[in-house]
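Okay, entry30.tsv now, which holds TSV, N, CA and C atoms:
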```tsv
chain	number	residue	atom	x	y	z
A	22	MET	N	106.60	96.58	100.94
A	22	MET	CA	106.88	97.32	102.14
A	22	MET	C	105.55	97.84	102.73
A	23	LEU	N	105.52	97.90	104.04
A	23	LEU	CA	104.36	98.43	104.75
A	23	LEU	C	104.83	99.59	105.62
A	24	LEU	N	104.37	100.78	105.31
A	24	LEU	CA	104.65	101.94	106.15
A	24	LEU	C	103.54	101.99	107.20
A	25	PHE	N	103.91	101.72	108.44
A	25	PHE	CA	102.95	101.59	109.53
A	25	PHE	C	103.44	102.49	110.65
A	26	PRO	N	102.98	103.76	110.68
A	26	PRO	CA	103.50	104.73	111.65
A	26	PRO	C	103.42	104.24	113.09
A	27	ARG	N	104.37	104.68	113.87
A	27	ARG	CA	104.48	104.27	115.28
A	27	ARG	C	103.15	104.51	116.02
A	28	ALA	N	102.47	105.63	115.76
A	28	ALA	CA	101.19	105.91	116.45
A	28	ALA	C	100.16	104.83	116.15
A	29	GLN	N	100.14	104.32	114.92
A	29	GLN	CA	99.19	103.26	114.57
A	29	GLN	C	99.59	101.93	115.23
A	30	GLN	N	100.90	101.68	115.33
A	30	GLN	CA	101.36	100.47	116.01
A	30	GLN	C	101.00	100.50	117.49
A	31	GLU	N	101.12	101.68	118.09
A	31	GLU	CA	100.74	101.82	119.49
A	31	GLU	C	99.24	101.63	119.67
A	32	ALA	N	98.44	102.08	118.69
A	32	ALA	CA	96.99	101.86	118.74
A	32	ALA	C	96.69	100.36	118.68
A	33	CYS	N	97.44	99.62	117.87
A	33	CYS	CA	97.27	98.16	117.80
A	33	CYS	C	97.58	97.54	119.15
A	34	ALA	N	98.64	98.00	119.80
A	34	ALA	CA	98.99	97.46	121.12
A	34	ALA	C	97.87	97.69	122.12
A	35	ARG	N	97.24	98.86	122.08
A	35	ARG	CA	96.13	99.15	122.99
A	35	ARG	C	94.93	98.24	122.69
A	36	LEU	N	94.64	98.03	121.40
A	36	LEU	CA	93.53	97.15	121.03
A	36	LEU	C	93.81	95.72	121.47
A	37	LEU	N	95.05	95.26	121.30
A	37	LEU	CA	95.44	93.91	121.71
A	37	LEU	C	95.19	93.73	123.20
A	38	ILE	N	95.67	94.66	124.01
A	38	ILE	CA	95.55	94.56	125.46
A	38	ILE	C	94.08	94.62	125.89
A	39	ALA	N	93.30	95.50	125.26
A	39	ALA	CA	91.89	95.64	125.62
A	39	ALA	C	91.08	94.38	125.29
A	40	ALA	N	91.48	93.64	124.26
A	40	ALA	CA	90.71	92.47	123.83
A	40	ALA	C	91.10	91.18	124.55
A	41	LEU	N	92.21	91.19	125.28
A	41	LEU	CA	92.66	89.96	125.94
A	41	LEU	C	91.55	89.34	126.76
A	42	PRO	N	91.34	88.06	126.75
A	42	PRO	CA	92.21	87.02	126.19
A	42	PRO	C	91.87	86.67	124.74
A	43	GLU	N	91.01	87.43	124.07
A	43	GLU	CA	90.62	87.14	122.70
A	43	GLU	C	91.46	87.94	121.72
A	44	GLU	N	91.35	87.60	120.44
A	44	GLU	CA	92.05	88.33	119.40
A	44	GLU	C	91.29	89.61	119.07
A	45	ALA	N	92.05	90.65	118.78
A	45	ALA	CA	91.50	91.92	118.31
A	45	ALA	C	91.76	92.00	116.81
A	46	CYS	N	90.98	92.84	116.11
A	46	CYS	CA	91.21	92.99	114.67
A	46	CYS	C	90.81	94.38	114.20
A	47	ALA	N	91.44	94.79	113.10
A	47	ALA	CA	91.17	96.09	112.50
A	47	ALA	C	91.58	96.03	111.04
A	48	LEU	N	90.99	96.88	110.24
A	48	LEU	CA	91.40	97.03	108.85
A	48	LEU	C	92.47	98.12	108.78
A	49	LEU	N	93.41	97.95	107.86
A	49	LEU	CA	94.45	98.94	107.60
A	49	LEU	C	93.95	99.83	106.47
A	50	VAL	N	93.83	101.12	106.73
A	50	VAL	CA	93.29	102.06	105.76
A	50	VAL	C	94.39	103.03	105.36
A	51	GLY	N	94.55	103.26	104.07
A	51	GLY	CA	95.59	104.18	103.62
A	51	GLY	C	95.70	104.22	102.12
A	52	LEU	N	96.95	104.33	101.65
A	52	LEU	CA	97.23	104.50	100.23
A	52	LEU	C	98.20	103.44	99.73
A	53	ARG	N	98.00	103.02	98.49
A	53	ARG	CA	98.98	102.18	97.80
A	53	ARG	C	99.95	103.12	97.10
A	54	THR	N	101.22	102.92	97.33
A	54	THR	CA	102.24	103.74	96.68
A	54	THR	C	103.17	102.83	95.89
A	55	LYS	N	104.09	103.42	95.14
A	55	LYS	CA	105.07	102.62	94.41
A	55	LYS	C	105.91	101.78	95.37
A	56	ALA	N	106.15	102.31	96.56
A	56	ALA	CA	106.98	101.61	97.55
A	56	ALA	C	106.22	100.51	98.29
A	57	GLY	N	104.91	100.60	98.34
A	57	GLY	CA	104.12	99.62	99.06
A	57	GLY	C	102.86	100.22	99.65
A	58	HIS	N	102.45	99.71	100.78
A	58	HIS	CA	101.24	100.18	101.47
A	58	HIS	C	101.60	101.20	102.54
A	59	GLU	N	100.86	102.29	102.56
A	59	GLU	CA	101.07	103.35	103.55
A	59	GLU	C	99.81	103.47	104.41
A	60	VAL	N	99.89	103.02	105.65
A	60	VAL	CA	98.74	103.04	106.55
A	60	VAL	C	98.55	104.45	107.09
A	61	ARG	N	97.36	104.97	106.94
A	61	ARG	CA	97.00	106.29	107.47
A	61	ARG	C	96.21	106.16	108.77
A	62	ARG	N	95.39	105.11	108.85
A	62	ARG	CA	94.60	104.92	110.06
A	62	ARG	C	94.11	103.48	110.12
A	63	LEU	N	93.60	103.12	111.29
A	63	LEU	CA	92.99	101.82	111.51
A	63	LEU	C	91.48	101.97	111.55
A	64	ALA	N	90.79	100.97	111.09
A	64	ALA	CA	89.34	100.88	111.25
A	64	ALA	C	89.08	99.67	112.13
A	65	GLU	N	88.91	99.91	113.42
A	65	GLU	CA	88.69	98.81	114.37
A	65	GLU	C	87.36	98.13	114.07
A	66	LEU	N	87.38	96.80	114.03
A	66	LEU	CA	86.17	96.03	113.80
A	66	LEU	C	85.98	95.03	114.92
A	67	SER	N	84.75	94.68	115.16
A	67	SER	CA	84.45	93.64	116.15
A	67	SER	C	84.93	92.30	115.62
A	68	ASN	N	85.41	91.49	116.54
A	68	ASN	CA	85.80	90.13	116.21
A	68	ASN	C	84.59	89.24	116.48
A	69	LEU	N	84.03	88.63	115.43
A	69	LEU	CA	82.83	87.81	115.57
A	69	LEU	C	83.14	86.32	115.75
A	70	ALA	N	84.42	85.96	115.81
A	70	ALA	CA	84.78	84.54	115.94
A	70	ALA	C	84.36	84.00	117.29
A	71	ALA	N	83.84	82.78	117.28
A	71	ALA	CA	83.48	82.12	118.54
A	71	ALA	C	84.71	81.56	119.24
A	72	ASP	N	85.73	81.23	118.47
A	72	ASP	CA	86.98	80.68	119.00
A	72	ASP	C	87.89	81.83	119.43
A	73	PRO	N	88.34	81.87	120.69
A	73	PRO	CA	89.19	82.98	121.14
A	73	PRO	C	90.57	83.00	120.48
A	74	ASN	N	90.92	81.93	119.74
A	74	ASN	CA	92.21	81.86	119.06
A	74	ASN	C	92.09	82.16	117.57
A	75	SER	N	91.08	82.93	117.20
A	75	SER	CA	90.91	83.30	115.80
A	75	SER	C	90.14	84.62	115.72
A	76	PHE	N	90.02	85.12	114.51
A	76	PHE	CA	89.22	86.32	114.33
A	76	PHE	C	88.38	86.17	113.07
A	77	ARG	N	87.24	86.85	113.10
A	77	ARG	CA	86.35	86.94	111.94
A	77	ARG	C	85.82	88.36	111.93
A	78	LEU	N	86.11	89.06	110.85
A	78	LEU	CA	85.70	90.46	110.73
A	78	LEU	C	84.19	90.57	110.57
A	79	ASP	N	83.63	91.58	111.21
A	79	ASP	CA	82.20	91.89	111.07
A	79	ASP	C	81.99	92.37	109.64
A	80	PRO	N	81.25	91.62	108.79
A	80	PRO	CA	81.13	92.01	107.38
A	80	PRO	C	80.41	93.33	107.15
A	81	ILE	N	79.46	93.67	108.00
A	81	ILE	CA	78.75	94.94	107.83
A	81	ILE	C	79.68	96.11	108.17
A	82	ALA	N	80.42	96.00	109.26
A	82	ALA	CA	81.38	97.04	109.63
A	82	ALA	C	82.50	97.14	108.59
A	83	TRP	N	82.90	96.01	108.03
A	83	TRP	CA	83.93	95.98	106.99
A	83	TRP	C	83.46	96.79	105.78
A	84	ARG	N	82.24	96.52	105.33
A	84	ARG	CA	81.70	97.25	104.17
A	84	ARG	C	81.62	98.75	104.47
A	85	GLU	N	81.21	99.12	105.67
A	85	GLU	CA	81.13	100.53	106.05
A	85	GLU	C	82.52	101.16	106.08
A	86	ALA	N	83.51	100.44	106.60
A	86	ALA	CA	84.88	100.95	106.64
A	86	ALA	C	85.41	101.20	105.22
A	87	GLU	N	85.08	100.30	104.30
A	87	GLU	CA	85.50	100.50	102.91
A	87	GLU	C	84.83	101.74	102.31
A	88	ARG	N	83.54	101.93	102.60
A	88	ARG	CA	82.81	103.10	102.08
A	88	ARG	C	83.43	104.39	102.60
A	89	VAL	N	83.70	104.45	103.90
A	89	VAL	CA	84.28	105.65	104.50
A	89	VAL	C	85.68	105.90	103.92
A	90	ALA	N	86.46	104.85	103.75
A	90	ALA	CA	87.80	104.99	103.17
A	90	ALA	C	87.72	105.60	101.78
A	91	ARG	N	86.81	105.10	100.95
A	91	ARG	CA	86.66	105.65	99.59
A	91	ARG	C	86.31	107.13	99.63
A	92	GLU	N	85.40	107.52	100.55
A	92	GLU	CA	85.02	108.93	100.69
A	92	GLU	C	86.23	109.80	101.06
A	93	GLU	N	87.18	109.22	101.78
A	93	GLU	CA	88.39	109.94	102.20
A	93	GLU	C	89.49	109.89	101.14
A	94	GLY	N	89.23	109.21	100.01
A	94	GLY	CA	90.25	109.04	98.99
A	94	GLY	C	91.29	107.99	99.36
A	95	LEU	N	90.91	107.09	100.27
A	95	LEU	CA	91.80	106.04	100.74
A	95	LEU	C	91.19	104.69	100.38
A	96	GLU	N	91.88	103.61	100.77
A	96	GLU	CA	91.34	102.27	100.54
A	96	GLU	C	91.79	101.34	101.65
A	97	VAL	N	91.12	100.22	101.74
A	97	VAL	CA	91.52	99.19	102.69
A	97	VAL	C	92.72	98.46	102.09
A	98	LEU	N	93.82	98.46	102.84
A	98	LEU	CA	95.08	97.87	102.38
A	98	LEU	C	95.31	96.48	102.95
A	99	GLY	N	94.55	96.13	103.96
A	99	GLY	CA	94.76	94.84	104.59
A	99	GLY	C	94.12	94.78	105.95
A	100	VAL	N	94.64	93.87	106.76
A	100	VAL	CA	94.06	93.61	108.06
A	100	VAL	C	95.17	93.48	109.10
A	101	TRP	N	94.85	93.89	110.30
A	101	TRP	CA	95.71	93.66	111.46
A	101	TRP	C	94.90	92.82	112.44
A	102	HIS	N	95.58	91.90	113.11
A	102	HIS	CA	94.95	91.19	114.22
A	102	HIS	C	96.01	90.81	115.24
A	103	SER	N	95.55	90.43	116.40
A	103	SER	CA	96.47	90.10	117.49
A	103	SER	C	96.51	88.59	117.72
A	104	HIS	N	97.62	88.16	118.29
A	104	HIS	CA	97.78	86.78	118.74
A	104	HIS	C	98.04	86.83	120.24
A	105	PRO	N	97.01	86.65	121.06
A	105	PRO	CA	97.19	86.75	122.51
A	105	PRO	C	98.01	85.62	123.13
A	106	ARG	N	98.07	84.47	122.47
A	106	ARG	CA	98.79	83.32	123.04
A	106	ARG	C	99.84	82.74	122.09
A	107	ALA	N	100.20	83.46	121.03
A	107	ALA	CA	101.16	82.94	120.05
A	107	ALA	C	102.06	84.09	119.58
A	108	THR	N	103.01	83.74	118.75
A	108	THR	CA	103.92	84.75	118.20
A	108	THR	C	103.22	85.52	117.08
A	109	ALA	N	103.89	86.55	116.60
A	109	ALA	CA	103.35	87.38	115.52
A	109	ALA	C	103.66	86.77	114.16
A	110	ALA	N	103.41	85.49	114.04
A	110	ALA	CA	103.58	84.76	112.78
A	110	ALA	C	102.22	84.20	112.37
A	111	PRO	N	101.96	84.09	111.08
A	111	PRO	CA	100.65	83.60	110.65
A	111	PRO	C	100.39	82.16	111.06
A	112	SER	N	99.20	81.94	111.57
A	112	SER	CA	98.75	80.59	111.90
A	112	SER	C	98.28	79.92	110.60
A	113	PRO	N	98.05	78.62	110.63
A	113	PRO	CA	97.47	77.96	109.44
A	113	PRO	C	96.15	78.61	109.02
A	114	ARG	N	95.33	79.01	109.99
A	114	ARG	CA	94.06	79.67	109.67
A	114	ARG	C	94.31	81.03	109.02
A	115	ASP	N	95.33	81.76	109.51
A	115	ASP	CA	95.68	83.05	108.89
A	115	ASP	C	96.11	82.84	107.44
A	116	ARG	N	96.93	81.83	107.22
A	116	ARG	CA	97.41	81.53	105.86
A	116	ARG	C	96.25	81.18	104.92
A	117	ALA	N	95.32	80.38	105.41
A	117	ALA	CA	94.18	79.96	104.59
A	117	ALA	C	93.27	81.14	104.25
A	118	GLY	N	93.17	82.13	105.12
A	118	GLY	CA	92.29	83.27	104.89
A	118	GLY	C	92.96	84.48	104.27
A	119	ALA	N	94.24	84.37	103.91
A	119	ALA	CA	94.97	85.51	103.36
A	119	ALA	C	94.35	86.00	102.05
A	120	GLN	N	94.25	87.32	101.93
A	120	GLN	CA	93.64	87.94	100.77
A	120	GLN	C	94.73	88.47	99.83
A	121	PRO	N	94.64	88.17	98.53
A	121	PRO	CA	95.63	88.70	97.57
A	121	PRO	C	95.63	90.23	97.58
A	122	GLY	N	96.83	90.80	97.53
A	122	GLY	CA	96.98	92.26	97.48
A	122	GLY	C	96.91	92.95	98.82
A	123	TRP	N	96.67	92.21	99.88
A	123	TRP	CA	96.53	92.79	101.21
A	123	TRP	C	97.78	92.59	102.04
A	124	SER	N	98.03	93.53	102.94
A	124	SER	CA	99.01	93.34	104.01
A	124	SER	C	98.28	92.67	105.16
A	125	HIS	N	98.93	91.70	105.78
A	125	HIS	CA	98.35	90.95	106.90
A	125	HIS	C	99.27	91.17	108.10
A	126	ALA	N	98.95	92.19	108.90
A	126	ALA	CA	99.79	92.58	110.04
A	126	ALA	C	99.33	91.85	111.30
A	127	ILE	N	100.31	91.47	112.13
A	127	ILE	CA	100.02	90.72	113.35
A	127	ILE	C	100.87	91.27	114.49
A	128	SER	N	100.25	91.42	115.66
A	128	SER	CA	100.96	91.75	116.90
A	128	SER	C	100.70	90.62	117.89
A	129	ALA	N	101.69	90.34	118.73
A	129	ALA	CA	101.54	89.29	119.73
A	129	ALA	C	101.60	89.88	121.13
A	130	ALA	N	100.93	89.22	122.06
A	130	ALA	CA	100.86	89.73	123.44
A	130	ALA	C	102.22	89.78	124.12
A	131	ASP	N	103.15	88.91	123.71
A	131	ASP	CA	104.47	88.92	124.36
A	131	ASP	C	105.28	90.16	123.99
A	132	GLU	N	104.97	90.79	122.86
A	132	GLU	CA	105.61	92.05	122.44
A	132	GLU	C	104.56	92.91	121.75
A	133	PRO	N	103.64	93.52	122.48
A	133	PRO	CA	102.49	94.19	121.85
A	133	PRO	C	102.85	95.35	120.92
A	134	THR	N	103.99	95.98	121.13
A	134	THR	CA	104.34	97.11	120.26
A	134	THR	C	105.16	96.67	119.04
A	135	ARG	N	105.51	95.37	118.96
A	135	ARG	CA	106.23	94.86	117.79
A	135	ARG	C	105.22	94.27	116.83
A	136	LEU	N	105.29	94.71	115.59
A	136	LEU	CA	104.34	94.28	114.60
A	136	LEU	C	105.08	93.64	113.43
A	137	ARG	N	104.55	92.54	112.93
A	137	ARG	CA	105.08	91.91	111.73
A	137	ARG	C	103.96	91.87	110.70
A	138	SER	N	104.34	91.90	109.42
A	138	SER	CA	103.33	91.89	108.37
A	138	SER	C	103.74	90.92	107.27
A	139	TYR	N	102.72	90.40	106.60
A	139	TYR	CA	102.91	89.38	105.57
A	139	TYR	C	102.06	89.73	104.35
A	140	PHE	N	102.55	89.30	103.18
A	140	PHE	CA	101.90	89.62	101.91
A	140	PHE	C	101.83	88.34	101.09
A	141	LEU	N	100.68	88.06	100.50
A	141	LEU	CA	100.49	86.85	99.71
A	141	LEU	C	101.24	87.00	98.38
A	142	CYS	N	102.17	86.10	98.13
A	142	CYS	CA	102.99	86.15	96.92
A	142	CYS	C	103.15	84.72	96.41
A	143	GLY	N	102.67	84.45	95.21
A	143	GLY	CA	102.78	83.11	94.66
A	143	GLY	C	102.09	82.05	95.50
A	144	GLY	N	101.00	82.42	96.14
A	144	GLY	CA	100.25	81.48	96.96
A	144	GLY	C	100.81	81.27	98.36
A	145	ARG	N	101.88	81.99	98.71
A	145	ARG	CA	102.48	81.87	100.05
A	145	ARG	C	102.52	83.23	100.72
A	146	LEU	N	102.37	83.23	102.05
A	146	LEU	CA	102.52	84.47	102.81
A	146	LEU	C	104.00	84.70	103.06
A	147	MET	N	104.50	85.82	102.56
A	147	MET	CA	105.90	86.19	102.72
A	147	MET	C	105.97	87.39	103.67
A	148	GLU	N	106.99	87.42	104.52
A	148	GLU	CA	107.10	88.55	105.44
A	148	GLU	C	107.40	89.83	104.66
A	149	GLN	N	106.77	90.88	105.09
A	149	GLN	CA	106.86	92.19	104.47
A	149	GLN	C	107.70	93.10	105.35
A	150	ARG	N	108.49	93.94	104.77
A	150	ARG	CA	109.27	94.92	105.54
A	150	ARG	C	108.30	95.95	106.12
A	151	VAL	N	108.44	96.23	107.41
A	151	VAL	CA	107.58	97.21	108.10
A	151	VAL	C	108.44	98.38	108.52
A	152	LEU	N	108.05	99.59	108.10
A	152	LEU	CA	108.74	100.82	108.48
A	152	LEU	C	107.79	101.68	109.27
A	153	THR	N	108.34	102.46	110.22
A	153	THR	CA	107.50	103.37	110.98
A	153	THR	C	107.60	104.81	110.47
A	154	GLU	N	108.57	105.06	109.60
A	154	GLU	CA	108.74	106.40	109.00
A	154	GLU	C	108.96	106.26	107.52
A	155	THR	N	108.57	107.27	106.75
A	155	THR	CA	108.78	107.28	105.31
A	155	THR	C	110.29	107.26	105.05
A	156	PRO	N	110.77	106.31	104.22
A	156	PRO	CA	112.20	106.28	103.93
A	156	PRO	C	112.65	107.50	103.13
A	157	VAL	N	113.85	107.99	103.43
A	157	VAL	CA	114.41	109.12	102.71
A	157	VAL	C	115.12	108.56	101.47
A	158	PRO	N	114.79	109.08	100.27
A	158	PRO	CA	115.40	108.53	99.04
A	158	PRO	C	116.90	108.79	98.98
```

What would the structure in this file look like if it were written as structure tokens?
Amino acid sequence: MLLFPRAQQEACARLLIAALPEEACALLVGLRTKAGHEVRRLAELSNLAADPNSFRLDPIAWREAERVAREEGLEVLGVWHSHPRATAAPSPRDRAGAQPGWSHAISAADEPTRLRSYFLCGGRLMEQRVLTETPVP
């Protein structure tokens, strides 16, 4: 499960729109819980990809985001990126670059406030349940 508060999803929509026609990207920063990943904030990173239909995280900014997260008692839980010309489903390139243990969240330009997330399981990206509020037990 990925707890991705509505305010963070709206921030993703703003980043998506600002980056058009290219892909936007950010790291998901938060806590790992028994229920799954809980996003507390985004760490926006520059997209260094030359191809407008892909993203490549700035490795120096990525390392800095991880350092700041550790100082806050948080960690990088995964990545978010946008699909300006496709649906919010992983592309072959997304699948090939998926990181074990990470949430891979995607927003598409046709529905910028709708977010889908995927988690690598048994070598395949499986869709992850996304909640905007902490579930009541």

Exercise for review: Check chain A with DSSP on the backbone and list each residue it calls strand (DSSP E or B), as a PyMOL selection string.
Suggested key: chain A and resi 23-24+46-53+58-66+68+78+96-104+124-129+132-142+145-149+151-152

Go through region 61-92 of chain A residue by residue and, counting only C-alpha atoms, keep those with an atom at most 12 Å from region 28-32 of chain A; for each kept residue give the shortest atom pair and its distance in Å to one decimal, ordered by chain and increasing number, as a Markdown table.
```
| residue | atom | partner | partner_atom | distance |
| --- | --- | --- | --- | --- |
| A:Arg61 | CA | A:Gln29 | CA | 8.0 |
| A:Arg62 | CA | A:Gln29 | CA | 6.6 |
| A:Leu63 | CA | A:Gln29 | CA | 7.1 |
| A:Ala64 | CA | A:Gln29 | CA | 10.7 |
| A:Glu65 | CA | A:Ala32 | CA | 9.9 |
```

Would you output that residue set with N, CA and C atoms, as a PDB file, in the coordinates of the input?
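As a result, out_0.pdb now contains:
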```pdb
ATOM      1  N   ARG A  61      97.360 104.970 106.940  1.00  0.00           N
ATOM      2  CA  ARG A  61      97.000 106.290 107.470  1.00  0.00           C
ATOM      3  C   ARG A  61      96.210 106.160 108.770  1.00  0.00           C
ATOM      4  N   ARG A  62      95.390 105.110 108.850  1.00  0.00           N
ATOM      5  CA  ARG A  62      94.600 104.920 110.060  1.00  0.00           C
ATOM      6  C   ARG A  62      94.110 103.480 110.120  1.00  0.00           C
ATOM      7  N   LEU A  63      93.600 103.120 111.290  1.00  0.00           N
ATOM      8  CA  LEU A  63      92.990 101.820 111.510  1.00  0.00           C
ATOM      9  C   LEU A  63      91.480 101.970 111.550  1.00  0.00           C
ATOM     10  N   ALA A  64      90.790 100.970 111.090  1.00  0.00           N
ATOM     11  CA  ALA A  64      89.340 100.880 111.250  1.00  0.00           C
ATOM     12  C   ALA A  64      89.080  99.670 112.130  1.00  0.00           C
ATOM     13  N   GLU A  65      88.910  99.910 113.420  1.00  0.00           N
ATOM     14  CA  GLU A  65      88.690  98.810 114.370  1.00  0.00           C
ATOM     15  C   GLU A  65      87.360  98.130 114.070  1.00  0.00           C
TER      16      GLU A  65
END
```

Study note, to complete from the structure: Using only C-alpha atoms, the residue out of A:Ala71, A:Leu66, A:Ala90, A:Leu146 with shortest distance to Ala126 (chain A) is A:Leu146

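Among A:Leu41, A:Ala70, A:Ala47, A:Ala119, the residue with the shortest atom-to-atom distance to Cys142 (chain A), counting only C-alpha atoms, is A:Ala119.
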
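Closest approach to Asp72 (chain A) from the set A:Arg114, A:Ser128, A:Glu43, A:Leu95 is made by A:Glu43, with distances taken over only N, CA and C atoms.
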
Point to revise | Given only C-alpha atoms as the counted atoms, nearest of A:Ala109, A:Leu141, A:Leu48, A:Ala130 to Val97 (chain A) | key: A:Leu48

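Across the structure, CA of Leu52 (chain A) and atom C of Leu98 (chain A) are spaced 8.7 Å apart.
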
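In this model, the gap between atom C of Arg77 (chain A) and CA of His104 (chain A) comes to 13.9 Å.
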
Review point. Can you tell me, as a list in words, what residues are no more than 8 Å from Gly99 (chain A) when counting all atoms listed in the file, ignoring any on the same chain fewer than 5 positions away?
Key: Ala47, Leu48, Leu49, Val50, Gly51, Gln120, Gly122, Trp123, Ser124, His125 and Ala126 of chain A

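Counting from atom C of Leu37 (chain A), the distance to atom C of Arg106 (chain A) is 12.0 Å.
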
Exercise for review: Identify, on the basis of only C-alpha atoms, every residue whose closest approach to Met22 (chain A) does not exceed 8 Å; exclude the query and any residue fewer than 2 positions from it along the same chain; express the result as a list in words.
Suggested key: Leu24, Ala56, Gly57, His58, Gln149, Arg150, Val151 and Leu152 of chain A

Practice item. Quick one: pick out all helix (DSSP H, G or I) residues within chain A from a backbone DSSP run and write them as a PyMOL selection string. Key: chain A and resi 27-40+80-92+113-117

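Using all atoms listed in the file, the smallest distance between any of A:Val60, A:Pro105, A:Thr54, A:Arg145 and Phe25 (chain A) comes from A:Val60.
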
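Taking all atoms listed in the file into account, Ala107 (chain A) lies nearest to A:Asp131 out of the set A:Ile38, A:Asp131, A:Thr153, A:Ala82.
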